[in-house]
Amino acid sequence: MKFTLDHTQRLNLHALLGAQRADVGSIRAIWAIQDRLALDAGQEKLIELKREIVNGTERTVWNPALSIPPQDFEFSDVETARIKAALQTWDSYTANADRRWLQPLVETLFPPDIRA
């Protein structure tokens with residue numbers, strides 16, 4: 001499946017995948033997806049990305065006034081299923097704060113049931 005992701009989607013999806021609990025084989029598969037989603041050093045610099053440790057947990061912050069162009073990603077059916085499962089099982093979304101990056105992914109991966 002093809003996705004066009006902006007940097008906010010990439011960073012949040014990277015973090016969401018990183019919060020998953022799984023067996024070693026699944027963790028390696030998640031790492032492979034994360035490696036593809038990760039911003040390179042130049043992209044990080046363009047949005048002034050910084051990593052902070054808060055209560056022992058790494059947090060990523062960036063300048064919201066800056067952006068980089070969206071980028072296309074092609075994921076296999078297995079990778080798409082892994083992303084979909086991570087999105088579907090996470091229970092700490094906030095309706096307002098996560099809507100901008102999450103809604104386009106939800107609409108792509110979970111189309112509304114037209115029979116409802």
# chains A, B, ... in the order shown; residues from 1 in each chain; ligands from 1
>>> select_by_dssp(residues="chain A", states="strand (DSSP E or B)", output="list in words")
Lys2, Phe3, Thr4, Leu5, Lys50, Arg51, Glu52, Ile53, Val54, Thr57, Glu58, Arg59, Thr60, Val61, Gln71, Asp72, Phe73 and Glu74 of chain A
>>> residues_around(residues="stretch 78-89 of chain A", least_positions_apart="3", cutoff="10 Å", atoms="only C-alpha atoms", output="short mmCIF file (atom, residue, chain, number, x, y, z; two decimals) with all heavy atoms, in the first residue's frame")
data_model
loop_
_atom_site.label_atom_id
_atom_site.label_comp_id
_atom_site.auth_asym_id
_atom_site.auth_seq_id
_atom_site.Cartn_x
_atom_site.Cartn_y
_atom_site.Cartn_z
N MET A 1 0.85 -1.17 0.00
CA MET A 1 0.00 0.00 0.00
C MET A 1 0.90 1.24 0.00
O MET A 1 1.91 1.28 0.67
CB MET A 1 -0.91 -0.01 1.23
CG MET A 1 -1.80 1.21 1.34
SD MET A 1 -3.00 1.07 2.69
CE MET A 1 -4.43 0.64 1.73
N LYS A 2 0.47 2.23 -0.75
CA LYS A 2 1.23 3.47 -0.85
C LYS A 2 0.65 4.52 0.10
O LYS A 2 -0.56 4.70 0.16
CB LYS A 2 1.21 3.99 -2.28
CG LYS A 2 2.06 5.22 -2.48
CD LYS A 2 2.02 5.68 -3.93
CE LYS A 2 2.81 6.97 -4.10
NZ LYS A 2 2.77 7.46 -5.46
N PHE A 3 1.54 5.17 0.83
CA PHE A 3 1.17 6.26 1.72
C PHE A 3 2.00 7.48 1.38
O PHE A 3 3.17 7.36 1.04
CB PHE A 3 1.50 5.92 3.19
CG PHE A 3 0.72 4.78 3.76
CD1 PHE A 3 1.17 3.48 3.64
CD2 PHE A 3 -0.45 5.02 4.46
CE1 PHE A 3 0.47 2.43 4.19
CE2 PHE A 3 -1.17 3.97 5.01
CZ PHE A 3 -0.71 2.67 4.88
N LEU A 13 3.99 8.08 13.86
CA LEU A 13 3.88 6.66 13.53
C LEU A 13 5.13 5.91 14.00
O LEU A 13 5.04 4.80 14.55
CB LEU A 13 3.66 6.48 12.03
CG LEU A 13 3.24 5.10 11.55
CD1 LEU A 13 2.04 4.56 12.31
CD2 LEU A 13 2.95 5.14 10.06
N HIS A 14 6.29 6.53 13.85
CA HIS A 14 7.55 5.95 14.34
C HIS A 14 7.46 5.71 15.85
O HIS A 14 7.80 4.64 16.36
CB HIS A 14 8.71 6.89 13.99
CG HIS A 14 10.06 6.33 14.25
ND1 HIS A 14 10.60 6.23 15.51
CD2 HIS A 14 11.00 5.85 13.40
CE1 HIS A 14 11.81 5.72 15.44
NE2 HIS A 14 12.07 5.47 14.17
N LEU A 16 4.69 5.52 17.72
CA LEU A 16 3.64 4.55 18.00
C LEU A 16 4.15 3.12 17.79
O LEU A 16 3.93 2.24 18.63
CB LEU A 16 2.43 4.83 17.11
CG LEU A 16 1.26 3.86 17.23
CD1 LEU A 16 0.61 3.97 18.60
CD2 LEU A 16 0.25 4.16 16.15
N LEU A 17 4.83 2.90 16.70
CA LEU A 17 5.40 1.58 16.44
C LEU A 17 6.43 1.22 17.50
O LEU A 17 6.53 0.07 17.94
CB LEU A 17 6.02 1.52 15.04
CG LEU A 17 5.02 1.51 13.90
CD1 LEU A 17 5.72 1.81 12.58
CD2 LEU A 17 4.28 0.19 13.83
N GLY A 18 7.20 2.21 17.94
CA GLY A 18 8.22 1.98 18.96
C GLY A 18 7.65 1.61 20.32
O GLY A 18 8.35 1.06 21.17
N ALA A 19 6.39 1.91 20.55
CA ALA A 19 5.75 1.61 21.83
C ALA A 19 5.11 0.21 21.84
O ALA A 19 4.57 -0.21 22.86
CB ALA A 19 4.68 2.66 22.13
N GLN A 20 5.20 -0.52 20.73
CA GLN A 20 4.58 -1.84 20.65
C GLN A 20 5.37 -2.87 21.43
O GLN A 20 6.59 -2.82 21.50
CB GLN A 20 4.47 -2.28 19.18
CG GLN A 20 3.66 -1.36 18.32
CD GLN A 20 2.25 -1.20 18.81
OE1 GLN A 20 1.49 -2.15 18.88
NE2 GLN A 20 1.89 0.02 19.18
N ARG A 21 4.67 -3.81 22.01
CA ARG A 21 5.29 -4.96 22.68
C ARG A 21 5.09 -6.17 21.76
O ARG A 21 3.99 -6.39 21.26
CB ARG A 21 4.65 -5.22 24.03
CG ARG A 21 4.88 -4.08 25.00
CD ARG A 21 4.44 -4.48 26.40
NE ARG A 21 4.73 -3.45 27.35
CZ ARG A 21 5.91 -3.28 27.96
NH1 ARG A 21 6.90 -4.10 27.67
NH2 ARG A 21 6.08 -2.33 28.83
N SER A 26 8.90 -9.97 15.50
CA SER A 26 8.02 -8.84 15.23
C SER A 26 8.73 -7.52 15.51
O SER A 26 8.55 -6.55 14.77
CB SER A 26 6.76 -8.93 16.09
OG SER A 26 6.01 -10.06 15.71
N ALA A 29 10.81 -6.65 12.58
CA ALA A 29 9.96 -6.15 11.49
C ALA A 29 9.54 -4.71 11.76
O ALA A 29 9.51 -3.89 10.83
CB ALA A 29 8.75 -7.07 11.32
N ILE A 30 9.23 -4.41 13.00
CA ILE A 30 8.87 -3.04 13.38
C ILE A 30 10.05 -2.11 13.17
O ILE A 30 9.90 -1.01 12.63
CB ILE A 30 8.35 -2.99 14.83
CG1 ILE A 30 6.97 -3.64 14.91
CG2 ILE A 30 8.32 -1.55 15.36
CD1 ILE A 30 6.47 -3.89 16.33
N ALA A 32 12.38 -2.37 11.04
CA ALA A 32 12.56 -2.14 9.59
C ALA A 32 11.62 -1.05 9.10
O ALA A 32 12.01 -0.19 8.30
CB ALA A 32 12.34 -3.44 8.83
N ILE A 33 10.39 -1.06 9.59
CA ILE A 33 9.43 -0.01 9.21
C ILE A 33 9.88 1.33 9.78
O ILE A 33 9.88 2.35 9.09
CB ILE A 33 8.01 -0.36 9.68
CG1 ILE A 33 7.50 -1.63 8.99
CG2 ILE A 33 7.05 0.81 9.41
CD1 ILE A 33 6.22 -2.19 9.59
N GLU A 74 5.98 3.04 0.22
CA GLU A 74 5.28 1.85 -0.26
C GLU A 74 5.52 0.75 0.77
O GLU A 74 6.66 0.40 1.06
CB GLU A 74 5.81 1.43 -1.63
CG GLU A 74 5.06 0.29 -2.26
CD GLU A 74 3.72 0.71 -2.86
OE1 GLU A 74 3.60 1.84 -3.36
OE2 GLU A 74 2.79 -0.11 -2.80
N PHE A 75 4.43 0.24 1.35
CA PHE A 75 4.54 -0.82 2.34
C PHE A 75 3.87 -2.08 1.81
O PHE A 75 2.82 -2.02 1.16
CB PHE A 75 3.86 -0.41 3.66
CG PHE A 75 4.58 0.71 4.36
CD1 PHE A 75 4.04 1.98 4.38
CD2 PHE A 75 5.79 0.50 5.00
CE1 PHE A 75 4.70 3.02 5.02
CE2 PHE A 75 6.45 1.53 5.65
CZ PHE A 75 5.91 2.79 5.65
N SER A 92 -4.27 5.48 23.60
CA SER A 92 -3.92 6.75 24.24
C SER A 92 -3.99 7.94 23.30
O SER A 92 -3.30 8.94 23.50
CB SER A 92 -2.52 6.65 24.86
OG SER A 92 -2.53 5.71 25.90
N TYR A 93 -4.80 7.85 22.26
CA TYR A 93 -4.98 8.98 21.36
C TYR A 93 -5.80 10.07 22.06
O TYR A 93 -6.61 9.77 22.93
CB TYR A 93 -5.73 8.58 20.09
CG TYR A 93 -5.03 7.57 19.23
CD1 TYR A 93 -5.61 6.33 18.98
CD2 TYR A 93 -3.81 7.86 18.64
CE1 TYR A 93 -4.98 5.40 18.18
CE2 TYR A 93 -3.17 6.92 17.84
CZ TYR A 93 -3.76 5.70 17.61
OH TYR A 93 -3.14 4.78 16.82
N LEU A 102 -3.40 11.74 12.49
CA LEU A 102 -4.03 10.43 12.55
C LEU A 102 -5.19 10.25 11.58
O LEU A 102 -5.34 9.19 10.96
CB LEU A 102 -4.51 10.17 13.99
CG LEU A 102 -5.12 8.82 14.28
CD1 LEU A 102 -4.14 7.70 14.01
CD2 LEU A 102 -5.60 8.78 15.73
N LEU A 105 -4.55 8.76 8.08
CA LEU A 105 -4.19 7.34 8.15
C LEU A 105 -5.41 6.48 8.44
O LEU A 105 -5.59 5.42 7.84
CB LEU A 105 -3.11 7.12 9.22
CG LEU A 105 -1.74 7.70 8.91
CD1 LEU A 105 -0.83 7.60 10.13
CD2 LEU A 105 -1.12 6.98 7.73
N VAL A 106 -6.24 6.93 9.37
CA VAL A 106 -7.45 6.18 9.72
C VAL A 106 -8.36 6.07 8.50
O VAL A 106 -8.91 5.00 8.21
CB VAL A 106 -8.17 6.84 10.91
CG1 VAL A 106 -9.57 6.27 11.10
CG2 VAL A 106 -7.35 6.67 12.19
N THR A 108 -7.55 6.12 5.41
CA THR A 108 -6.95 5.23 4.41
C THR A 108 -7.04 3.77 4.82
O THR A 108 -7.41 2.91 4.03
CB THR A 108 -5.46 5.62 4.18
OG1 THR A 108 -5.40 6.95 3.71
CG2 THR A 108 -4.79 4.68 3.19
N LEU A 109 -6.70 3.49 6.07
CA LEU A 109 -6.62 2.11 6.54
C LEU A 109 -7.93 1.54 7.04
O LEU A 109 -8.13 0.33 7.06
CB LEU A 109 -5.57 1.99 7.65
CG LEU A 109 -4.14 2.19 7.18
CD1 LEU A 109 -3.20 2.35 8.37
CD2 LEU A 109 -3.70 1.02 6.32
N PHE A 110 -8.84 2.40 7.49
CA PHE A 110 -10.10 1.96 8.05
C PHE A 110 -11.25 2.71 7.38
O PHE A 110 -11.90 3.54 8.01
CB PHE A 110 -10.13 2.21 9.57
CG PHE A 110 -8.96 1.63 10.31
CD1 PHE A 110 -7.87 2.44 10.65
CD2 PHE A 110 -8.94 0.31 10.67
CE1 PHE A 110 -6.79 1.92 11.33
CE2 PHE A 110 -7.85 -0.22 11.35
CZ PHE A 110 -6.78 0.58 11.68
#
>>> atom_distance(atom1="atom CA of A:Ala65", atom2="atom CA of A:Ile47")
8.1 Å
>>> select_by_dssp(residues="stretch 8-104 of chain A", states="helix (DSSP H, G or I)", output="NGL selection string")
:A and (8-18 or 24-37 or 41-46 or 77-89 or 99-104)
>>> residues_around(residues="A:Leu46", least_positions_apart="6", cutoff="8 Å", atoms="only C-alpha atoms", output="PyMOL selection string")
chain A and resi 66-68
>>> write_last_selection(atoms="N, CA and C atoms", output="mmCIF file, in the first residue's frame")
data_model
loop_
_atom_site.group_PDB
_atom_site.id
_atom_site.type_symbol
_atom_site.label_atom_id
_atom_site.label_comp_id
_atom_site.auth_asym_id
_atom_site.auth_seq_id
_atom_site.Cartn_x
_atom_site.Cartn_y
_atom_site.Cartn_z
ATOM 1 N N LEU A 66 7.843 24.974 11.188
ATOM 2 C CA LEU A 66 8.679 24.498 10.081
ATOM 3 C C LEU A 66 8.136 23.178 9.548
ATOM 4 N N SER A 67 8.426 22.903 8.281
ATOM 5 C CA SER A 67 7.979 21.632 7.714
ATOM 6 C C SER A 67 8.911 21.199 6.597
ATOM 7 N N ILE A 68 8.748 19.962 6.205
ATOM 8 C CA ILE A 68 9.445 19.408 5.047
ATOM 9 C C ILE A 68 8.369 18.807 4.146
#
>>> atom_distance(atom1="atom CA of A:Glu48", atom2="atom CA of A:Val61")
8.3 Å
>>> atom_distance(atom1="atom CA of A:Trp62", atom2="atom CA of A:Gln43")
11.0 Å
>>> residues_around(residues="A:Trp101", least_positions_apart="5", cutoff="10 Å", atoms="only C-alpha atoms", output="ChimeraX atom specification")
/A:5-13,106
